[in-house]
$ cat my_file.pdb   # PDB, C-alpha atoms, pLDDT in the B column
ATOM      1  CA  MET A 265      -4.385   0.573 -22.191  1.00 55.00           C
ATOM      2  CA  ASN A 266      -5.215  -3.027 -23.171  1.00 65.00           C
ATOM      3  CA  LEU A 267      -6.639  -4.724 -20.103  1.00 58.00           C
ATOM      4  CA  ASP A 268      -7.837  -7.969 -21.733  1.00 72.00           C
ATOM      5  CA  HIS A 269      -5.421 -10.044 -19.621  1.00 75.00           C
ATOM      6  CA  PHE A 270      -5.694  -7.931 -16.491  1.00 83.00           C
ATOM      7  CA  GLN A 271      -9.244  -8.120 -15.169  1.00 93.00           C
ATOM      8  CA  LEU A 272     -10.019  -7.473 -11.527  1.00 96.00           C
ATOM      9  CA  GLY A 273     -13.819  -7.367 -11.565  1.00 94.00           C
ATOM     10  CA  GLY A 274     -15.197  -8.125  -8.108  1.00 93.00           C
ATOM     11  CA  LYS A 275     -11.837  -7.557  -6.391  1.00 97.00           C
ATOM     12  CA  VAL A 276     -11.213  -5.089  -3.581  1.00 98.00           C
ATOM     13  CA  ASP A 277      -7.852  -3.363  -3.425  1.00 98.00           C
ATOM     14  CA  ILE A 278      -6.451  -1.314  -0.555  1.00 98.00           C
ATOM     15  CA  VAL A 279      -4.105   1.410  -1.808  1.00 98.00           C
ATOM     16  CA  THR A 280      -2.186   3.502   0.720  1.00 98.00           C
ATOM     17  CA  GLY A 281      -1.040   6.984  -0.194  1.00 98.00           C
ATOM     18  CA  CYS A 282      -3.314   7.342  -3.219  1.00 98.00           C
ATOM     19  CA  ASP A 283      -4.066  11.058  -2.943  1.00 97.00           C
ATOM     20  CA  THR A 284      -1.586  11.996  -5.695  1.00 97.00           C
ATOM     21  CA  GLY A 285       1.264  10.675  -7.814  1.00 97.00           C
ATOM     22  CA  LEU A 286       2.089   6.997  -8.145  1.00 97.00           C
ATOM     23  CA  GLY A 287      -0.548   5.897  -5.649  1.00 98.00           C
ATOM     24  CA  GLN A 288      -3.262   7.761  -7.507  1.00 98.00           C
ATOM     25  CA  GLY A 289      -2.105   6.281 -10.805  1.00 98.00           C
ATOM     26  CA  MET A 290      -2.061   2.749  -9.392  1.00 98.00           C
ATOM     27  CA  ALA A 291      -5.516   3.161  -7.852  1.00 98.00           C
ATOM     28  CA  ARG A 292      -6.868   4.441 -11.162  1.00 98.00           C
ATOM     29  CA  ALA A 293      -5.290   1.558 -13.136  1.00 97.00           C
ATOM     30  CA  LEU A 294      -6.678  -1.035 -10.717  1.00 97.00           C
ATOM     31  CA  ALA A 295     -10.132   0.550 -11.018  1.00 98.00           C
ATOM     32  CA  GLN A 296      -9.827   0.531 -14.821  1.00 96.00           C
ATOM     33  CA  ALA A 297      -9.260  -3.216 -14.514  1.00 96.00           C
ATOM     34  CA  GLY A 298     -12.523  -3.497 -12.541  1.00 97.00           C
ATOM     35  CA  ALA A 299     -11.460  -3.355  -8.886  1.00 98.00           C
ATOM     36  CA  ASP A 300     -13.104  -1.334  -6.144  1.00 98.00           C
ATOM     37  CA  ILE A 301     -10.603   0.777  -4.211  1.00 98.00           C
ATOM     38  CA  VAL A 302     -10.194   1.392  -0.494  1.00 98.00           C
ATOM     39  CA  GLY A 303      -7.893   4.398  -0.205  1.00 98.00           C
ATOM     40  CA  VAL A 304      -5.919   4.979   2.992  1.00 98.00           C
ATOM     41  CA  ASN A 305      -4.561   8.511   3.289  1.00 98.00           C
ATOM     42  CA  VAL A 306      -3.929  11.241   5.853  1.00 97.00           C
ATOM     43  CA  VAL A 307      -5.891  13.737   3.713  1.00 97.00           C
ATOM     44  CA  GLU A 308      -9.106  13.508   1.741  1.00 97.00           C
ATOM     45  CA  PRO A 309      -8.221  12.198  -1.748  1.00 97.00           C
ATOM     46  CA  LYS A 310     -10.930  14.153  -3.602  1.00 97.00           C
ATOM     47  CA  ASP A 311      -9.399  13.884  -7.084  1.00 98.00           C
ATOM     48  CA  THR A 312      -8.652  10.186  -6.709  1.00 98.00           C
ATOM     49  CA  ALA A 313     -12.160   9.453  -5.466  1.00 98.00           C
ATOM     50  CA  ALA A 314     -13.659  11.348  -8.404  1.00 98.00           C
ATOM     51  CA  GLN A 315     -11.448   9.505 -10.898  1.00 98.00           C
ATOM     52  CA  ILE A 316     -12.289   6.072  -9.475  1.00 98.00           C
ATOM     53  CA  GLU A 317     -16.008   6.790  -9.264  1.00 98.00           C
ATOM     54  CA  GLY A 318     -15.868   8.249 -12.794  1.00 98.00           C
ATOM     55  CA  LEU A 319     -14.765   4.797 -13.934  1.00 97.00           C
ATOM     56  CA  GLY A 320     -17.894   3.292 -12.366  1.00 97.00           C
ATOM     57  CA  ARG A 321     -16.019   1.727  -9.440  1.00 98.00           C
ATOM     58  CA  ARG A 322     -16.481   2.229  -5.695  1.00 98.00           C
ATOM     59  CA  PHE A 323     -13.963   4.316  -3.764  1.00 98.00           C
ATOM     60  CA  LEU A 324     -13.973   4.083   0.014  1.00 98.00           C
ATOM     61  CA  ASP A 325     -12.027   6.774   1.843  1.00 98.00           C
ATOM     62  CA  LEU A 326     -10.306   5.672   5.054  1.00 98.00           C
ATOM     63  CA  ARG A 327      -8.082   8.123   6.928  1.00 98.00           C
ATOM     64  CA  ALA A 328      -5.102   7.156   8.997  1.00 98.00           C
ATOM     65  CA  ASN A 329      -1.572   8.126   9.889  1.00 97.00           C
ATOM     66  CA  LEU A 330       0.220   4.880   9.071  1.00 98.00           C
ATOM     67  CA  SER A 331       3.267   5.965  11.075  1.00 95.00           C
ATOM     68  CA  ASP A 332       1.217   4.684  14.010  1.00 96.00           C
ATOM     69  CA  ILE A 333       0.834   0.969  13.262  1.00 97.00           C
ATOM     70  CA  GLY A 334      -1.879   0.658  15.905  1.00 98.00           C
ATOM     71  CA  CYS A 335      -4.494   1.602  13.294  1.00 98.00           C
ATOM     72  CA  ILE A 336      -3.602  -1.039  10.694  1.00 98.00           C
ATOM     73  CA  ASP A 337      -5.620  -4.054  11.885  1.00 98.00           C
ATOM     74  CA  GLY A 338      -8.665  -1.808  12.214  1.00 98.00           C
ATOM     75  CA  LEU A 339      -8.221  -0.493   8.667  1.00 98.00           C
ATOM     76  CA  VAL A 340      -8.165  -4.013   7.215  1.00 98.00           C
ATOM     77  CA  ALA A 341     -11.179  -4.992   9.327  1.00 98.00           C
ATOM     78  CA  GLN A 342     -13.047  -1.866   8.244  1.00 98.00           C
ATOM     79  CA  ALA A 343     -12.236  -2.508   4.569  1.00 98.00           C
ATOM     80  CA  LYS A 344     -13.510  -6.087   4.918  1.00 97.00           C
ATOM     81  CA  THR A 345     -16.666  -4.969   6.731  1.00 97.00           C
ATOM     82  CA  LEU A 346     -17.457  -2.308   4.124  1.00 96.00           C
ATOM     83  CA  THR A 347     -16.680  -4.399   1.041  1.00 97.00           C
ATOM     84  CA  GLY A 348     -16.928  -8.038   2.114  1.00 97.00           C
ATOM     85  CA  ARG A 349     -13.354  -8.928   1.176  1.00 97.00           C
ATOM     86  CA  VAL A 350      -9.797  -7.722   0.533  1.00 98.00           C
ATOM     87  CA  ASP A 351      -7.856  -9.097  -2.437  1.00 98.00           C
ATOM     88  CA  ILE A 352      -4.901  -6.792  -3.043  1.00 98.00           C
ATOM     89  CA  LEU A 353      -2.824  -4.458  -0.877  1.00 98.00           C
ATOM     90  CA  VAL A 354      -0.698  -1.733  -2.452  1.00 98.00           C
ATOM     91  CA  ASN A 355       1.709  -0.393   0.186  1.00 98.00           C
ATOM     92  CA  ASN A 356       2.559   2.944  -1.415  1.00 98.00           C
ATOM     93  CA  ALA A 357       2.416   5.605   1.337  1.00 97.00           C
ATOM     94  CA  GLY A 358       5.798   7.194   1.972  1.00 95.00           C
ATOM     95  CA  ILE A 359       7.691  10.369   2.847  1.00 95.00           C
ATOM     96  CA  ILE A 360      11.149  11.914   2.516  1.00 93.00           C
ATOM     97  CA  ARG A 361      12.545  14.007   5.364  1.00 92.00           C
ATOM     98  CA  ARG A 362      16.170  14.601   6.278  1.00 89.00           C
ATOM     99  CA  GLU A 363      16.668  17.195   9.010  1.00 89.00           C
ATOM    100  CA  ASP A 364      17.059  15.335  12.297  1.00 93.00           C
ATOM    101  CA  GLU A 365      16.540  12.126  14.258  1.00 96.00           C
ATOM    102  CA  LYS A 366      12.768  12.644  14.459  1.00 96.00           C
ATOM    103  CA  ASP A 367      12.649  12.853  10.652  1.00 96.00           C
ATOM    104  CA  TRP A 368      14.659   9.622  10.455  1.00 95.00           C
ATOM    105  CA  ASP A 369      12.167   7.880  12.754  1.00 97.00           C
ATOM    106  CA  ASP A 370       9.158   9.293  10.876  1.00 97.00           C
ATOM    107  CA  VAL A 371      10.507   8.106   7.518  1.00 96.00           C
ATOM    108  CA  VAL A 372      11.370   4.614   8.752  1.00 97.00           C
ATOM    109  CA  ASP A 373       8.060   4.266  10.601  1.00 98.00           C
ATOM    110  CA  LEU A 374       5.959   5.142   7.548  1.00 98.00           C
ATOM    111  CA  ASN A 375       8.091   3.819   4.702  1.00 98.00           C
ATOM    112  CA  LEU A 376       9.184   0.521   6.251  1.00 98.00           C
ATOM    113  CA  LYS A 377       7.490  -0.361   9.525  1.00 98.00           C
ATOM    114  CA  SER A 378       3.953   0.307   8.280  1.00 98.00           C
ATOM    115  CA  VAL A 379       4.641  -1.695   5.093  1.00 98.00           C
ATOM    116  CA  PHE A 380       5.617  -4.751   7.129  1.00 98.00           C
ATOM    117  CA  PHE A 381       2.695  -4.572   9.547  1.00 98.00           C
ATOM    118  CA  PHE A 382       0.105  -3.696   6.875  1.00 98.00           C
ATOM    119  CA  ALA A 383       1.285  -6.658   4.798  1.00 98.00           C
ATOM    120  CA  GLN A 384       0.911  -8.941   7.827  1.00 98.00           C
ATOM    121  CA  ALA A 385      -2.625  -7.692   8.475  1.00 98.00           C
ATOM    122  CA  ALA A 386      -3.596  -8.148   4.824  1.00 98.00           C
ATOM    123  CA  ALA A 387      -2.069 -11.644   4.748  1.00 98.00           C
ATOM    124  CA  ARG A 388      -4.094 -12.633   7.823  1.00 98.00           C
ATOM    125  CA  GLN A 389      -7.230 -11.457   5.992  1.00 98.00           C
ATOM    126  CA  PHE A 390      -6.282 -13.392   2.847  1.00 98.00           C
ATOM    127  CA  LEU A 391      -5.780 -16.543   4.924  1.00 98.00           C
ATOM    128  CA  ALA A 392      -9.118 -16.047   6.724  1.00 98.00           C
ATOM    129  CA  GLN A 393     -10.853 -15.683   3.356  1.00 97.00           C
ATOM    130  CA  GLY A 394      -9.064 -18.749   1.994  1.00 97.00           C
ATOM    131  CA  THR A 395      -8.500 -16.934  -1.299  1.00 93.00           C
ATOM    132  CA  GLY A 396      -4.839 -16.011  -1.308  1.00 97.00           C
ATOM    133  CA  GLY A 397      -4.031 -12.475  -2.329  1.00 98.00           C
ATOM    134  CA  LYS A 398      -1.548 -10.007  -3.741  1.00 98.00           C
ATOM    135  CA  ILE A 399       0.679  -7.526  -1.939  1.00 98.00           C
ATOM    136  CA  ILE A 400       2.537  -4.828  -3.842  1.00 98.00           C
ATOM    137  CA  ASN A 401       5.177  -2.974  -1.838  1.00 98.00           C
ATOM    138  CA  VAL A 402       6.515   0.180  -3.459  1.00 97.00           C
ATOM    139  CA  ALA A 403      10.267   0.621  -3.072  1.00 95.00           C
ATOM    140  CA  SER A 404      12.490   3.050  -4.996  1.00 90.00           C
ATOM    141  CA  MET A 405      15.375   3.130  -7.418  1.00 85.00           C
ATOM    142  CA  LEU A 406      17.334   4.444  -4.428  1.00 76.00           C
ATOM    143  CA  SER A 407      17.077   0.895  -3.075  1.00 74.00           C
ATOM    144  CA  PHE A 408      19.633   0.064  -5.760  1.00 76.00           C
ATOM    145  CA  GLN A 409      21.443   3.358  -6.376  1.00 78.00           C
ATOM    146  CA  GLY A 410      21.877   4.617  -2.829  1.00 76.00           C
ATOM    147  CA  GLY A 411      20.936   8.240  -3.469  1.00 73.00           C
ATOM    148  CA  VAL A 412      22.533  11.402  -2.110  1.00 76.00           C
ATOM    149  CA  ARG A 413      21.469  13.227   1.070  1.00 81.00           C
ATOM    150  CA  VAL A 414      18.449  10.991   1.712  1.00 87.00           C
ATOM    151  CA  PRO A 415      19.799   8.316   4.070  1.00 92.00           C
ATOM    152  CA  SER A 416      16.589   7.504   5.942  1.00 93.00           C
ATOM    153  CA  TYR A 417      14.582   7.250   2.710  1.00 93.00           C
ATOM    154  CA  THR A 418      17.236   5.072   1.060  1.00 93.00           C
ATOM    155  CA  ALA A 419      17.492   2.832   4.137  1.00 93.00           C
ATOM    156  CA  SER A 420      13.715   2.492   4.436  1.00 96.00           C
ATOM    157  CA  LYS A 421      13.170   1.672   0.758  1.00 95.00           C
ATOM    158  CA  SER A 422      16.096  -0.785   0.779  1.00 95.00           C
ATOM    159  CA  GLY A 423      14.387  -2.417   3.747  1.00 96.00           C
ATOM    160  CA  VAL A 424      11.156  -2.617   1.737  1.00 97.00           C
ATOM    161  CA  MET A 425      13.027  -4.586  -0.927  1.00 96.00           C
ATOM    162  CA  GLY A 426      14.355  -6.997   1.702  1.00 97.00           C
ATOM    163  CA  ILE A 427      11.072  -7.645   3.498  1.00 98.00           C
ATOM    164  CA  THR A 428       9.289  -7.994   0.158  1.00 98.00           C
ATOM    165  CA  ARG A 429      11.641 -10.823  -0.814  1.00 97.00           C
ATOM    166  CA  LEU A 430      11.228 -12.419   2.611  1.00 98.00           C
ATOM    167  CA  MET A 431       7.419 -12.264   2.495  1.00 98.00           C
ATOM    168  CA  ALA A 432       7.364 -13.584  -1.078  1.00 98.00           C
ATOM    169  CA  ASN A 433       9.351 -16.617   0.058  1.00 98.00           C
ATOM    170  CA  GLU A 434       7.403 -17.221   3.256  1.00 97.00           C
ATOM    171  CA  TRP A 435       3.877 -16.678   1.930  1.00 98.00           C
ATOM    172  CA  ALA A 436       3.987 -18.177  -1.580  1.00 98.00           C
ATOM    173  CA  SER A 437       2.832 -21.565  -0.303  1.00 98.00           C
ATOM    174  CA  HIS A 438      -0.313 -19.849   1.066  1.00 98.00           C
ATOM    175  CA  GLY A 439      -1.268 -18.400  -2.319  1.00 98.00           C
ATOM    176  CA  ILE A 440      -0.081 -14.919  -1.383  1.00 98.00           C
ATOM    177  CA  ASN A 441       2.042 -13.213  -4.024  1.00 98.00           C
ATOM    178  CA  VAL A 442       4.249 -10.416  -2.775  1.00 98.00           C
TER     179      VAL A 442
END

$ encode --input "my_file.pdb" --output "structure tokens"
Amino acid sequence: MNLDHFQLGGKVDIVTGCDTGLGQGMARALAQAGADIVGVNVVEPKDTAAQIEGLGRRFLDLRANLSDIGCIDGLVAQAKTLTGRVDILVNNAGIIRREDEKDWDDVVDLNLKSVFFFAQAAARQFLAQGTGGKIINVASMLSFQGGVRVPSYTASKSGVMGITRLMANEWASHGINV
């Protein structure tokens, strides 16, 4: 990968849901560009940590269930305390469940509600630093296609698209790209 135009040396990036899959790949790519990574997961991301550290970057492991938004401000504060700053947030954590009303609530809480409140917490940190920042919210092709038999996931990821557009409009004048 040619990273000549994508250098993040000295930056600190929070990546949620980076234990496997897309989140792990994004964390690795950001580290390849020079960023230190603060991973937020419900499980220990051993492979991700090893990959990031193998690239010579720091990986800080924070654990949280983001379905409970009460932990989010503390996670941003802890990331700032441990690293001195926060520059990028990647809101990637998500689930698919489809059996009952509890599953619906769990999916919407993690996939949509936590994205909104984590973005707000990160934006407050960016403003306090006076540096601006970047927020990447991970949606899904189902935001456009609709999907089959995954209504809560489709609704939550469609909501992510909507709040991403809203935040991009509202926060651009503050140097925050969403």

$ resolve_selection --input "my_file.pdb" --expression "the PyMOL selection byres ((chain A and resi 291-304) around 7)" --output "CSV table (one decimal) with C-alpha atoms, in the frame of the given file"
chain,number,residue,atom,x,y,z
A,267,LEU,CA,-6.6,-4.7,-20.1
A,270,PHE,CA,-5.7,-7.9,-16.5
A,271,GLN,CA,-9.2,-8.1,-15.2
A,272,LEU,CA,-10.0,-7.5,-11.5
A,273,GLY,CA,-13.8,-7.4,-11.6
A,274,GLY,CA,-15.2,-8.1,-8.1
A,275,LYS,CA,-11.8,-7.6,-6.4
A,276,VAL,CA,-11.2,-5.1,-3.6
A,277,ASP,CA,-7.9,-3.4,-3.4
A,278,ILE,CA,-6.5,-1.3,-0.6
A,279,VAL,CA,-4.1,1.4,-1.8
A,280,THR,CA,-2.2,3.5,0.7
A,281,GLY,CA,-1.0,7.0,-0.2
A,282,CYS,CA,-3.3,7.3,-3.2
A,287,GLY,CA,-0.5,5.9,-5.6
A,288,GLN,CA,-3.3,7.8,-7.5
A,289,GLY,CA,-2.1,6.3,-10.8
A,290,MET,CA,-2.1,2.7,-9.4
A,305,ASN,CA,-4.6,8.5,3.3
A,315,GLN,CA,-11.4,9.5,-10.9
A,316,ILE,CA,-12.3,6.1,-9.5
A,319,LEU,CA,-14.8,4.8,-13.9
A,321,ARG,CA,-16.0,1.7,-9.4
A,322,ARG,CA,-16.5,2.2,-5.7
A,323,PHE,CA,-14.0,4.3,-3.8
A,324,LEU,CA,-14.0,4.1,0.0
A,325,ASP,CA,-12.0,6.8,1.8
A,326,LEU,CA,-10.3,5.7,5.1
A,327,ARG,CA,-8.1,8.1,6.9
A,328,ALA,CA,-5.1,7.2,9.0
A,343,ALA,CA,-12.2,-2.5,4.6

$ resolve_selection --input "my_file.pdb" --expression "the PyMOL selection byres ((chain A and resi 333) around 9)" --output "number ranges by chain"
A: 329-332, 334-337, 373-374, 377-378, 381-382

$ residues_around --input "my_file.pdb" --residues "Asp369 of chain A" --least-positions-apart "3" --cutoff "12 Å" --atoms "all atoms listed in the file" --output "ChimeraX atom specification"
/A:331-332,359-366,372-377,415-417,419-420

$ atom_distance --input "my_file.pdb" --atom1 "atom CA of Val307 of chain A" --atom2 "atom CA of Thr345 of chain A"
21.8 Å

$ atom_distance --input "my_file.pdb" --atom1 "atom CA of Ser437 of chain A" --atom2 "atom CA of His269 of chain A"
24.0 Å

$ closest_residue --input "my_file.pdb" --among "A:Leu346, A:Ala387, A:Leu286, A:Val306" --to "Ala403 of chain A" --atoms "only C-alpha atoms"
A:Leu286
